[in-house]
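query36.cif follows; it contains mmCIF, C-alpha atoms and all ligand atoms.
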data_target
loop_
_atom_site.label_atom_id
_atom_site.label_comp_id
_atom_site.auth_asym_id
_atom_site.auth_seq_id
_atom_site.Cartn_x
_atom_site.Cartn_y
_atom_site.Cartn_z
CA MET A 1162 -1.48 -17.65 29.61
CA SER A 1163 1.61 -19.78 29.20
CA PRO A 1164 5.03 -18.32 30.08
CA ARG A 1165 5.55 -17.23 26.45
CA GLY A 1166 2.34 -15.18 26.49
CA ILE A 1167 0.38 -17.82 24.62
CA GLU A 1168 -3.34 -18.14 25.48
CA ILE A 1169 -4.13 -21.82 26.06
CA LYS A 1170 -7.82 -22.61 25.55
CA THR A 1171 -10.00 -25.13 27.36
CA ALA A 1172 -12.17 -27.55 25.37
CA GLU A 1173 -15.15 -25.37 26.19
CA GLN A 1174 -13.40 -22.26 24.89
CA ILE A 1175 -12.45 -24.07 21.68
CA ARG A 1176 -16.12 -24.99 21.22
CA ALA A 1177 -16.94 -21.30 21.63
CA MET A 1178 -14.30 -20.43 19.01
CA ARG A 1179 -15.90 -22.95 16.65
CA LYS A 1180 -19.05 -20.79 16.68
CA ALA A 1181 -17.04 -17.81 15.46
CA GLY A 1182 -15.24 -20.02 12.95
CA LEU A 1183 -18.53 -21.25 11.49
CA VAL A 1184 -19.76 -17.67 11.03
CA VAL A 1185 -16.50 -16.90 9.19
CA ALA A 1186 -16.83 -20.03 7.03
CA GLU A 1187 -20.44 -19.21 6.20
CA ALA A 1188 -19.63 -15.60 5.31
CA LEU A 1189 -16.78 -16.68 3.02
CA VAL A 1190 -19.11 -19.08 1.19
CA ALA A 1191 -21.70 -16.29 0.82
CA MET A 1192 -19.10 -13.81 -0.47
CA GLY A 1193 -17.63 -16.43 -2.81
CA GLU A 1194 -21.10 -16.95 -4.29
CA ALA A 1195 -21.43 -13.19 -4.76
CA VAL A 1196 -18.09 -12.86 -6.57
CA ARG A 1197 -18.69 -12.24 -10.29
CA SER A 1198 -17.76 -9.66 -12.89
CA GLY A 1199 -19.53 -6.32 -12.44
CA VAL A 1200 -19.74 -6.61 -8.65
CA ARG A 1201 -18.08 -3.84 -6.59
CA THR A 1202 -15.85 -4.92 -3.74
CA ALA A 1203 -18.08 -2.85 -1.41
CA ASP A 1204 -20.97 -5.17 -2.32
CA LEU A 1205 -19.06 -8.07 -0.75
CA ASP A 1206 -18.73 -6.14 2.50
CA THR A 1207 -22.52 -5.77 2.45
CA VAL A 1208 -22.88 -9.55 2.13
CA ALA A 1209 -20.50 -10.09 5.05
CA ARG A 1210 -22.35 -7.60 7.27
CA ALA A 1211 -25.62 -9.46 6.66
CA VAL A 1212 -24.05 -12.76 7.76
CA LEU A 1213 -22.72 -11.11 10.93
CA ALA A 1214 -26.14 -9.64 11.72
CA ASP A 1215 -27.94 -12.95 11.04
CA ASN A 1216 -25.65 -14.71 13.51
CA GLY A 1217 -25.49 -12.03 16.20
CA ALA A 1218 -21.74 -11.81 15.56
CA VAL A 1219 -19.41 -8.81 15.56
CA SER A 1220 -16.66 -7.96 13.06
CA SER A 1221 -13.05 -8.59 14.13
CA PHE A 1222 -11.84 -6.07 11.53
CA LEU A 1223 -14.15 -3.05 11.72
CA ASN A 1224 -12.31 -0.20 13.51
CA TYR A 1225 -9.21 -2.37 13.95
CA GLY A 1226 -6.17 -0.20 14.65
CA ALA A 1227 -8.19 2.62 16.22
CA ASP A 1228 -5.79 2.67 19.18
CA TRP A 1229 -2.61 2.96 17.13
CA GLY A 1230 -2.97 6.39 15.51
CA ILE A 1231 -3.67 4.96 12.06
CA PRO A 1232 -7.03 5.30 10.29
CA PRO A 1233 -9.25 2.63 11.88
CA TYR A 1234 -10.02 -0.17 9.42
CA PRO A 1235 -13.33 0.94 7.85
CA ALA A 1236 -14.90 -2.37 6.77
CA THR A 1237 -15.74 -5.90 7.95
CA VAL A 1238 -13.71 -7.62 5.25
CA CYS A 1239 -10.39 -7.18 3.46
CA ILE A 1240 -10.72 -7.60 -0.31
CA SER A 1241 -7.46 -7.72 -2.23
CA VAL A 1242 -7.72 -7.95 -6.03
CA ASN A 1243 -4.88 -9.14 -8.33
CA GLU A 1244 -1.77 -7.09 -7.41
CA GLU A 1245 -3.29 -6.25 -4.02
CA VAL A 1246 -1.76 -8.59 -1.45
CA VAL A 1247 -3.71 -8.05 1.78
CA HIS A 1248 -5.85 -5.47 3.61
CA GLY A 1249 -7.60 -4.12 0.51
CA ILE A 1250 -10.46 -1.84 1.60
CA PRO A 1251 -13.83 -2.61 -0.04
CA GLY A 1252 -14.98 0.24 -2.30
CA ASP A 1253 -15.92 1.08 -5.86
CA ARG A 1254 -13.41 -1.24 -7.56
CA VAL A 1255 -15.43 -3.39 -9.97
CA LEU A 1256 -14.45 -7.04 -10.46
CA ASN A 1257 -13.50 -8.11 -13.99
CA PRO A 1258 -13.52 -11.61 -15.50
CA GLY A 1259 -10.29 -13.42 -14.65
CA ASP A 1260 -9.44 -11.25 -11.64
CA ILE A 1261 -8.33 -13.12 -8.52
CA VAL A 1262 -9.94 -11.84 -5.35
CA SER A 1263 -8.57 -12.62 -1.91
CA ILE A 1264 -11.25 -12.25 0.74
CA ASP A 1265 -10.16 -12.16 4.38
CA PHE A 1266 -12.81 -12.09 7.09
CA GLY A 1267 -12.94 -12.22 10.88
CA ALA A 1268 -15.85 -12.55 13.31
CA ILE A 1269 -16.33 -12.45 17.07
CA VAL A 1270 -18.92 -14.59 18.88
CA ASP A 1271 -19.14 -14.33 22.68
CA GLY A 1272 -15.72 -12.66 22.73
CA TRP A 1273 -13.93 -15.36 20.67
CA HIS A 1274 -12.44 -14.69 17.23
CA GLY A 1275 -12.30 -16.62 13.99
CA ASP A 1276 -10.17 -15.49 11.01
CA ALA A 1277 -9.93 -16.98 7.51
CA ALA A 1278 -9.28 -16.08 3.88
CA ARG A 1279 -9.91 -17.60 0.45
CA THR A 1280 -8.91 -16.49 -3.05
CA PHE A 1281 -11.67 -16.66 -5.68
CA ILE A 1282 -11.38 -16.48 -9.49
CA VAL A 1283 -13.92 -14.07 -10.99
CA ASP A 1284 -16.26 -15.92 -13.39
CA GLY A 1285 -14.21 -19.08 -12.80
CA GLN A 1286 -11.51 -18.59 -15.44
CA THR A 1287 -8.17 -16.84 -15.40
CA SER A 1288 -4.65 -17.21 -16.82
CA ALA A 1289 -2.76 -20.47 -16.20
CA GLU A 1290 -0.28 -18.53 -14.05
CA ALA A 1291 -2.96 -17.02 -11.83
CA ALA A 1292 -4.87 -20.31 -11.53
CA ASP A 1293 -1.62 -22.03 -10.47
CA LEU A 1294 -0.90 -19.31 -7.92
CA VAL A 1295 -4.31 -19.74 -6.30
CA GLN A 1296 -3.94 -23.54 -6.12
CA ILE A 1297 -0.32 -23.39 -4.88
CA THR A 1298 -1.28 -20.99 -2.08
CA ARG A 1299 -4.34 -23.03 -1.12
CA LYS A 1300 -2.27 -26.22 -1.02
CA ALA A 1301 0.42 -24.55 1.09
CA MET A 1302 -2.24 -23.56 3.62
CA TRP A 1303 -3.45 -27.17 3.86
CA ASP A 1304 0.12 -28.45 4.05
CA GLY A 1305 0.63 -26.03 6.95
CA VAL A 1306 -2.56 -27.22 8.63
CA ALA A 1307 -1.50 -30.85 8.18
CA ALA A 1308 1.86 -30.02 9.74
CA ALA A 1309 0.02 -28.56 12.72
CA ALA A 1310 -1.60 -31.98 13.17
CA MET A 1311 1.61 -33.97 12.77
CA GLY A 1312 4.41 -31.59 13.80
CA LYS A 1313 5.91 -30.82 17.18
CA ARG A 1314 6.51 -27.10 17.06
CA VAL A 1315 5.10 -24.00 15.36
CA GLY A 1316 8.24 -23.94 13.20
CA ASP A 1317 7.14 -27.24 11.63
CA ILE A 1318 4.10 -25.41 10.19
CA SER A 1319 6.37 -22.70 8.76
CA ASN A 1320 8.72 -25.28 7.28
CA ALA A 1321 5.82 -27.14 5.67
CA ILE A 1322 4.47 -23.95 4.07
CA GLN A 1323 7.85 -22.97 2.68
CA ALA A 1324 8.53 -26.53 1.44
CA SER A 1325 5.13 -26.55 -0.25
CA ALA A 1326 5.99 -23.29 -2.06
CA ASP A 1327 9.48 -24.47 -2.99
CA GLN A 1328 8.12 -27.72 -4.47
CA ALA A 1329 5.32 -26.04 -6.43
CA VAL A 1330 5.01 -26.42 -10.20
CA ARG A 1331 5.64 -22.71 -10.62
CA HIS A 1332 7.90 -20.24 -8.81
CA VAL A 1333 6.07 -18.18 -6.21
CA GLY A 1334 7.27 -15.37 -3.97
CA ILE A 1335 6.61 -15.88 -0.25
CA VAL A 1336 5.55 -12.59 1.35
CA ARG A 1337 7.44 -12.22 4.61
CA GLU A 1338 6.01 -9.04 6.15
CA TYR A 1339 2.75 -10.75 7.16
CA THR A 1340 2.52 -13.96 9.13
CA GLY A 1341 0.01 -16.27 10.71
CA HIS A 1342 -0.67 -15.76 14.40
CA GLY A 1343 -2.15 -17.01 17.59
CA ILE A 1344 -5.86 -16.23 17.92
CA GLY A 1345 -8.51 -16.46 20.63
CA SER A 1346 -9.90 -13.70 22.84
CA ALA A 1347 -8.05 -11.31 20.46
CA MET A 1348 -7.53 -11.63 16.71
CA HIS A 1349 -3.76 -11.34 16.85
CA GLN A 1350 -1.94 -13.15 19.65
CA ASN A 1351 1.37 -14.89 20.21
CA PRO A 1352 2.94 -16.79 18.62
CA ASP A 1353 3.69 -15.57 15.09
CA VAL A 1354 3.43 -18.30 12.44
CA PRO A 1355 5.81 -17.29 9.63
CA ASN A 1356 5.35 -18.67 6.12
CA TYR A 1357 9.05 -19.42 5.75
CA ALA A 1358 11.38 -21.75 7.60
CA HIS A 1359 12.96 -20.08 10.57
CA ALA A 1360 15.88 -21.04 12.77
CA ARG A 1361 14.08 -20.74 16.10
CA ARG A 1362 11.67 -23.60 15.90
CA GLY A 1363 9.05 -21.89 18.02
CA PRO A 1364 6.65 -22.99 20.75
CA ARG A 1365 5.40 -26.55 21.06
CA LEU A 1366 2.11 -27.48 19.37
CA SER A 1367 0.21 -28.46 22.50
CA THR A 1368 -3.44 -28.91 23.38
CA GLY A 1369 -5.33 -25.65 23.63
CA LEU A 1370 -3.20 -23.73 21.13
CA CYS A 1371 -5.23 -21.94 18.44
CA LEU A 1372 -3.53 -20.54 15.35
CA ALA A 1373 -4.35 -18.71 12.14
CA ILE A 1374 -2.29 -20.29 9.35
CA GLU A 1375 -2.10 -17.99 6.33
CA PRO A 1376 0.33 -18.24 3.42
CA ILE A 1377 0.50 -15.20 1.14
CA PHE A 1378 2.26 -15.85 -2.19
CA THR A 1379 2.90 -13.85 -5.37
CA LEU A 1380 3.74 -14.64 -8.99
CA GLY A 1381 6.76 -12.32 -8.88
CA SER A 1382 8.59 -10.32 -6.25
CA ALA A 1383 7.71 -11.04 -2.63
CA GLU A 1384 8.32 -7.36 -1.85
CA THR A 1385 5.27 -5.31 -0.89
CA VAL A 1386 4.30 -1.65 -0.68
CA GLU A 1387 1.60 -0.04 1.48
CA LEU A 1388 -0.63 2.47 -0.30
CA ASP A 1389 -1.45 5.98 0.95
CA ASP A 1390 -4.70 4.74 2.54
CA GLN A 1391 -2.33 3.14 5.11
CA TRP A 1392 -4.01 -0.26 4.66
CA THR A 1393 -3.94 -1.64 1.13
CA VAL A 1394 -0.76 -3.66 0.50
CA VAL A 1395 0.29 -4.26 -3.12
CA THR A 1396 3.22 -6.12 -4.69
CA SER A 1397 6.17 -3.84 -5.53
CA ASP A 1398 6.28 -5.23 -9.10
CA GLY A 1399 2.54 -5.40 -9.79
CA SER A 1400 2.56 -9.21 -9.87
CA TRP A 1401 -0.60 -10.92 -8.62
CA ALA A 1402 -0.96 -12.35 -5.12
CA SER A 1403 -3.07 -14.98 -3.35
CA HIS A 1404 -3.94 -15.37 0.33
CA TRP A 1405 -5.49 -18.40 2.04
CA GLU A 1406 -6.10 -18.67 5.78
CA ASN A 1407 -7.76 -20.94 8.32
CA THR A 1408 -8.06 -20.83 12.10
CA ILE A 1409 -7.17 -24.17 13.70
CA ALA A 1410 -7.30 -25.58 17.22
CA ILE A 1411 -4.96 -28.20 18.63
CA THR A 1412 -7.25 -30.47 20.66
CA ASP A 1413 -6.54 -33.38 22.95
CA GLY A 1414 -6.95 -36.03 20.31
CA GLY A 1415 -5.85 -34.03 17.27
CA LEU A 1416 -6.77 -30.99 15.26
CA TRP A 1417 -9.92 -29.12 14.32
CA VAL A 1418 -10.16 -26.55 11.51
CA LEU A 1419 -12.54 -24.06 13.09
CA THR A 1420 -13.16 -21.95 9.96
CA GLU A 1421 -14.16 -24.78 7.60
CA LEU A 1422 -17.78 -25.95 7.45
CA ASP A 1423 -16.60 -29.59 7.67
CA GLY A 1424 -13.96 -28.85 10.29
CA GLY A 1425 -11.26 -29.75 7.77
CA ARG A 1426 -12.44 -33.35 7.51
CA ALA A 1427 -12.22 -33.77 3.72
CA GLU A 1428 -8.88 -32.06 3.07
CA LEU A 1429 -7.16 -33.70 6.02
CA ALA A 1430 -8.60 -37.16 5.24
CA ALA A 1431 -6.89 -36.85 1.86
CA ARG A 1432 -3.63 -36.51 3.82
CA GLY A 1433 -4.42 -39.44 6.12
CA ILE A 1434 -5.33 -37.23 9.09
CA LYS A 1435 -8.52 -37.55 11.11
CA ILE A 1436 -9.90 -34.35 12.60
CA ASN A 1437 -11.01 -34.21 16.22
CA GLU A 1438 -14.22 -32.28 16.86
CA LEU A 1439 -14.91 -31.48 20.47
N1 LIG A 1501 -7.32 -10.98 9.06
C1 LIG A 1501 -6.06 -10.38 8.86
C2 LIG A 1501 -5.07 -11.39 9.34
O1 LIG A 1501 -5.17 -12.43 8.81
C3 LIG A 1501 -5.94 -9.03 9.49
C4 LIG A 1501 -7.00 -8.10 9.08
S1 LIG A 1501 -6.49 -6.52 9.33
C5 LIG A 1501 -7.89 -5.64 9.66
O2 LIG A 1501 -4.30 -11.29 10.22
F1 LIG A 1501 -7.55 -4.45 9.85
F2 LIG A 1501 -8.70 -5.75 8.67
F3 LIG A 1501 -8.47 -6.12 10.71
CO CO A 1502 -5.05 -13.73 10.21
#
Would you encode the structure as structure tokens?
Amino acid sequence: MSPRGIEIKTAEQIRAMRKAGLVVAEALVAMGEAVRSGVRTADLDTVARAVLADNGAVSSFLNYGADWGIPPYPATVCISVNEEVVHGIPGDRVLNPGDIVSIDFGAIVDGWHGDAARTFIVDGQTSAEAADLVQITRKAMWDGVAAAAMGKRVGDISNAIQASADQAVRHVGIVREYTGHGIGSAMHQNPDVPNYAHARRGPRLSTGLCLAIEPIFTLGSAETVELDDQWTVVTSDGSWASHWENTIAITDGGLWVLTELDGGRAELAARGIKINEL
């Protein structure tokens, strides 16, 4: 642990985290393929559980919060549809054509966590507004990841995400209550990675730092409300939301996106950045 309570990983530990990241990436692909109209959100949890079992991995989410006097999280995946922002509990909600579905998933392999999210469009077509929102949020995530490769401090990631939102073709609300985070032997570690520029520029981006970078944007108000189930978060104005997340590692020679099948190679190459696999 560094003085600021940040867990610095060795190369070997980052390689172990890559195993968890690949399980997460694989599960998100499998759930994305299962997303279509008529499917219940609970069916996607079933898909995720099969991927965990096939890989001998454990859920990062199941029973999360059990120690805090809130209902323990009851599923392996968070599925947030349309006006749901984050932490939607899989259940009987049926997906409709044009819905946007944010799927957030975490896995543990040999004690190391991976955490990532994607937003899918049900049956591939939605309104222009919703399609823009999904692309703007996805791009902001990659802009944040690129800033992790090129920046000096965690605050540079935050600045890049906010700048990406501010420059987008359409106005989006940046949700502030939920942030990215350090990750490693626990899912949530120091430091926080806000999705908005902040005055304190944060810890240095140094070798061995692993972060979950996760913009959460809306088409309207950035204000959120938690439902009575004590998990599901919705927008206060009913506007739709999108959530994209990847776990990254800062390595000696650069950056590795642990929760992408290609390690981030394609998206970062488009930004002139070479990934560094260990
Ligand atoms: N994966 C979420 C995050 O990105 C947290 C999930 S909450 C849980 O930080 F309860 F489902 F675990
Ligand atoms: Co996260």
Atom-to-atom span, atom CA of Asp1276 of chain A and atom CA of Pro1376 of chain A, Å: 13.2 Å
List as a PyMOL selection string the protein and nucleic acid residues near segment 1285-1294 of chain A, meaning an atom at most 9 Å away when all atoms listed in the file are counted, but skip any in the same chain fewer than 5 places from it. chain A and resi 1197+1243+1258-1261+1299+1329-1333+1378-1380+1401-1403
Quick one, how far is atom CA of Leu1372 of chain A from atom CA of Gly1226 of chain A?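 These atoms are spaced 20.5 Å apart.
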Residue nearest ligand LIG 1501 (chain A) - candidates A:Tyr1234, A:Tyr1357, A:Phe1281, A:Trp1303, atoms counted: only C-alpha atoms and all ligand atoms: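 Looking only at the distances to ligand LIG 1501 (chain A), the closest residue turns out to be A:Tyr1234.
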Could you pull the residues within 7 Å of Asn1437 of chain A, counting all atoms listed in the file, minus those fewer than 2 positions along the same chain, as a VMD selection string? chain A and resid 1412 1414 to 1417 1435 1439
At most 8 Å is the cut-off: for each residue in chain A with any atom that close to an atom of ligand LIG 1501 (chain A), write down the nearest atom pair and the distance in Å rounded to one decimal, counting all atoms listed in the file, chain first then increasing number, as JSON lines.
{"residue": "A:Ser1221", "atom": "CA", "partner": "A:LIG1501", "partner_atom": "F3", "distance": 6.2}
{"residue": "A:Phe1222", "atom": "CA", "partner": "A:LIG1501", "partner_atom": "F3", "distance": 3.5}
{"residue": "A:Leu1223", "atom": "CA", "partner": "A:LIG1501", "partner_atom": "F3", "distance": 6.5}
{"residue": "A:Asn1224", "atom": "CA", "partner": "A:LIG1501", "partner_atom": "F1", "distance": 7.4}
{"residue": "A:Tyr1225", "atom": "CA", "partner": "A:LIG1501", "partner_atom": "F1", "distance": 4.9}
{"residue": "A:Gly1226", "atom": "CA", "partner": "A:LIG1501", "partner_atom": "F1", "distance": 6.6}
{"residue": "A:Pro1233", "atom": "CA", "partner": "A:LIG1501", "partner_atom": "F1", "distance": 7.6}
{"residue": "A:Tyr1234", "atom": "CA", "partner": "A:LIG1501", "partner_atom": "F1", "distance": 5.0}
{"residue": "A:Ala1236", "atom": "CA", "partner": "A:LIG1501", "partner_atom": "F2", "distance": 7.3}
{"residue": "A:Thr1237", "atom": "CA", "partner": "A:LIG1501", "partner_atom": "F2", "distance": 7.1}
{"residue": "A:Val1238", "atom": "CA", "partner": "A:LIG1501", "partner_atom": "F2", "distance": 6.3}
{"residue": "A:Cys1239", "atom": "CA", "partner": "A:LIG1501", "partner_atom": "F2", "distance": 5.7}
{"residue": "A:Val1247", "atom": "CA", "partner": "A:LIG1501", "partner_atom": "C1", "distance": 7.8}
{"residue": "A:His1248", "atom": "CA", "partner": "A:LIG1501", "partner_atom": "F2", "distance": 5.8}
{"residue": "A:Asp1265", "atom": "CA", "partner": "A:LIG1501", "partner_atom": "N1", "distance": 5.6}
{"residue": "A:Phe1266", "atom": "CA", "partner": "A:LIG1501", "partner_atom": "N1", "distance": 5.9}
{"residue": "A:Gly1267", "atom": "CA", "partner": "A:LIG1501", "partner_atom": "N1", "distance": 6.0}
{"residue": "A:Asp1276", "atom": "CA", "partner": "A:LIG1501", "partner_atom": "N1", "distance": 5.7}
{"residue": "A:Ala1277", "atom": "CA", "partner": "A:LIG1501", "partner_atom": "O1", "distance": 6.7}
{"residue": "A:Ala1278", "atom": "CA", "partner": "A:LIG1501", "partner_atom": "O1", "distance": 7.4}
{"residue": "A:Tyr1339", "atom": "CA", "partner": "A:LIG1501", "partner_atom": "O2", "distance": 7.7}
{"residue": "A:Thr1340", "atom": "CA", "partner": "A:LIG1501", "partner_atom": "O2", "distance": 7.4}
{"residue": "A:Gly1341", "atom": "CA", "partner": "A:LIG1501", "partner_atom": "O2", "distance": 6.6}
{"residue": "A:His1342", "atom": "CA", "partner": "A:LIG1501", "partner_atom": "O2", "distance": 7.1}
{"residue": "A:Met1348", "atom": "CA", "partner": "A:LIG1501", "partner_atom": "O2", "distance": 7.3}
{"residue": "A:His1349", "atom": "CA", "partner": "A:LIG1501", "partner_atom": "O2", "distance": 6.7}
{"residue": "A:Ala1373", "atom": "CA", "partner": "A:LIG1501", "partner_atom": "O1", "distance": 7.2}
{"residue": "A:Glu1375", "atom": "CA", "partner": "A:LIG1501", "partner_atom": "O1", "distance": 6.8}
{"residue": "A:Trp1392", "atom": "CA", "partner": "A:LIG1501", "partner_atom": "F1", "distance": 7.6}
{"residue": "A:Glu1406", "atom": "CA", "partner": "A:LIG1501", "partner_atom": "O1", "distance": 7.0}
For a quick check of understanding, using only C-alpha atoms, which of A:Gly1433, A:Gln1350, A:Val1306, A:Thr1298 has the smallest distance to Gln1328 of chain A?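 The answer is A:Thr1298, which sits nearest to Gln1328 of chain A.
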Under the rule that all atoms listed in the file are counted, which of A:Ile1374, A:Val1386, A:Val1336, A:Val1184 is the nearest residue to Asp1215 of chain A?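 Closest to Asp1215 of chain A, using all atoms listed in the file: A:Val1184.
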Between atom CA of Ala1347 of chain A and atom CA of Ile1250 of chain A, measure the distance and give it in Å to one decimal.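 Straight-line distance from atom CA of Ala1347 of chain A to atom CA of Ile1250 of chain A works out to 21.2 Å.
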Output as a PDB file, in the frame of the given file: segment 1166-1185 of chain A, completed with N, CA, C and O atoms.
ATOM      1  N   GLY A1166       3.437 -16.078  26.854  1.00  0.00           N
ATOM      2  CA  GLY A1166       2.340 -15.180  26.490  1.00  0.00           C
ATOM      3  C   GLY A1166       1.379 -15.795  25.502  1.00  0.00           C
ATOM      4  O   GLY A1166       0.751 -15.102  24.723  1.00  0.00           O
ATOM      5  N   ILE A1167       1.286 -17.113  25.531  1.00  0.00           N
ATOM      6  CA  ILE A1167       0.380 -17.820  24.620  1.00  0.00           C
ATOM      7  C   ILE A1167      -0.878 -18.195  25.391  1.00  0.00           C
ATOM      8  O   ILE A1167      -0.799 -18.772  26.482  1.00  0.00           O
ATOM      9  N   GLU A1168      -2.063 -17.844  24.833  1.00  0.00           N
ATOM     10  CA  GLU A1168      -3.340 -18.140  25.480  1.00  0.00           C
ATOM     11  C   GLU A1168      -3.714 -19.596  25.191  1.00  0.00           C
ATOM     12  O   GLU A1168      -3.953 -19.948  24.033  1.00  0.00           O
ATOM     13  N   ILE A1169      -3.759 -20.403  26.223  1.00  0.00           N
ATOM     14  CA  ILE A1169      -4.130 -21.820  26.060  1.00  0.00           C
ATOM     15  C   ILE A1169      -5.619 -21.956  26.358  1.00  0.00           C
ATOM     16  O   ILE A1169      -6.088 -21.527  27.413  1.00  0.00           O
ATOM     17  N   LYS A1170      -6.368 -22.529  25.413  1.00  0.00           N
ATOM     18  CA  LYS A1170      -7.820 -22.610  25.550  1.00  0.00           C
ATOM     19  C   LYS A1170      -8.259 -23.959  26.120  1.00  0.00           C
ATOM     20  O   LYS A1170      -7.695 -25.003  25.783  1.00  0.00           O
ATOM     21  N   THR A1171      -9.349 -23.902  26.906  1.00  0.00           N
ATOM     22  CA  THR A1171     -10.000 -25.130  27.360  1.00  0.00           C
ATOM     23  C   THR A1171     -10.848 -25.687  26.218  1.00  0.00           C
ATOM     24  O   THR A1171     -11.126 -24.989  25.233  1.00  0.00           O
ATOM     25  N   ALA A1172     -11.293 -26.937  26.374  1.00  0.00           N
ATOM     26  CA  ALA A1172     -12.170 -27.550  25.370  1.00  0.00           C
ATOM     27  C   ALA A1172     -13.426 -26.705  25.174  1.00  0.00           C
ATOM     28  O   ALA A1172     -13.883 -26.490  24.048  1.00  0.00           O
ATOM     29  N   GLU A1173     -13.940 -26.198  26.274  1.00  0.00           N
ATOM     30  CA  GLU A1173     -15.150 -25.370  26.190  1.00  0.00           C
ATOM     31  C   GLU A1173     -14.898 -24.085  25.408  1.00  0.00           C
ATOM     32  O   GLU A1173     -15.725 -23.648  24.596  1.00  0.00           O
ATOM     33  N   GLN A1174     -13.738 -23.486  25.619  1.00  0.00           N
ATOM     34  CA  GLN A1174     -13.400 -22.260  24.890  1.00  0.00           C
ATOM     35  C   GLN A1174     -13.185 -22.555  23.399  1.00  0.00           C
ATOM     36  O   GLN A1174     -13.552 -21.738  22.550  1.00  0.00           O
ATOM     37  N   ILE A1175     -12.627 -23.710  23.094  1.00  0.00           N
ATOM     38  CA  ILE A1175     -12.450 -24.070  21.680  1.00  0.00           C
ATOM     39  C   ILE A1175     -13.828 -24.262  21.027  1.00  0.00           C
ATOM     40  O   ILE A1175     -14.050 -23.848  19.886  1.00  0.00           O
ATOM     41  N   ARG A1176     -14.756 -24.859  21.761  1.00  0.00           N
ATOM     42  CA  ARG A1176     -16.120 -24.990  21.220  1.00  0.00           C
ATOM     43  C   ARG A1176     -16.737 -23.615  20.976  1.00  0.00           C
ATOM     44  O   ARG A1176     -17.462 -23.414  20.001  1.00  0.00           O
ATOM     45  N   ALA A1177     -16.449 -22.665  21.841  1.00  0.00           N
ATOM     46  CA  ALA A1177     -16.940 -21.300  21.630  1.00  0.00           C
ATOM     47  C   ALA A1177     -16.277 -20.694  20.385  1.00  0.00           C
ATOM     48  O   ALA A1177     -16.937 -20.012  19.582  1.00  0.00           O
ATOM     49  N   MET A1178     -14.987 -20.950  20.203  1.00  0.00           N
ATOM     50  CA  MET A1178     -14.300 -20.430  19.010  1.00  0.00           C
ATOM     51  C   MET A1178     -14.840 -21.060  17.725  1.00  0.00           C
ATOM     52  O   MET A1178     -14.836 -20.435  16.667  1.00  0.00           O
ATOM     53  N   ARG A1179     -15.313 -22.295  17.825  1.00  0.00           N
ATOM     54  CA  ARG A1179     -15.900 -22.950  16.650  1.00  0.00           C
ATOM     55  C   ARG A1179     -17.123 -22.168  16.158  1.00  0.00           C
ATOM     56  O   ARG A1179     -17.377 -22.089  14.962  1.00  0.00           O
ATOM     57  N   LYS A1180     -17.880 -21.581  17.096  1.00  0.00           N
ATOM     58  CA  LYS A1180     -19.050 -20.790  16.680  1.00  0.00           C
ATOM     59  C   LYS A1180     -18.622 -19.608  15.831  1.00  0.00           C
ATOM     60  O   LYS A1180     -19.225 -19.307  14.795  1.00  0.00           O
ATOM     61  N   ALA A1181     -17.556 -18.927  16.259  1.00  0.00           N
ATOM     62  CA  ALA A1181     -17.040 -17.810  15.460  1.00  0.00           C
ATOM     63  C   ALA A1181     -16.504 -18.325  14.131  1.00  0.00           C
ATOM     64  O   ALA A1181     -16.730 -17.715  13.071  1.00  0.00           O
ATOM     65  N   GLY A1182     -15.806 -19.456  14.176  1.00  0.00           N
ATOM     66  CA  GLY A1182     -15.240 -20.020  12.950  1.00  0.00           C
ATOM     67  C   GLY A1182     -16.311 -20.365  11.932  1.00  0.00           C
ATOM     68  O   GLY A1182     -16.129 -20.146  10.729  1.00  0.00           O
ATOM     69  N   LEU A1183     -17.444 -20.885  12.414  1.00  0.00           N
ATOM     70  CA  LEU A1183     -18.530 -21.250  11.490  1.00  0.00           C
ATOM     71  C   LEU A1183     -19.160 -20.007  10.852  1.00  0.00           C
ATOM     72  O   LEU A1183     -19.544 -20.039   9.686  1.00  0.00           O
ATOM     73  N   VAL A1184     -19.249 -18.918  11.615  1.00  0.00           N
ATOM     74  CA  VAL A1184     -19.760 -17.670  11.030  1.00  0.00           C
ATOM     75  C   VAL A1184     -18.811 -17.200   9.928  1.00  0.00           C
ATOM     76  O   VAL A1184     -19.235 -16.780   8.842  1.00  0.00           O
ATOM     77  N   VAL A1185     -17.499 -17.300  10.191  1.00  0.00           N
ATOM     78  CA  VAL A1185     -16.500 -16.900   9.190  1.00  0.00           C
ATOM     79  C   VAL A1185     -16.625 -17.779   7.944  1.00  0.00           C
ATOM     80  O   VAL A1185     -16.643 -17.286   6.806  1.00  0.00           O
TER      81      VAL A1185
END
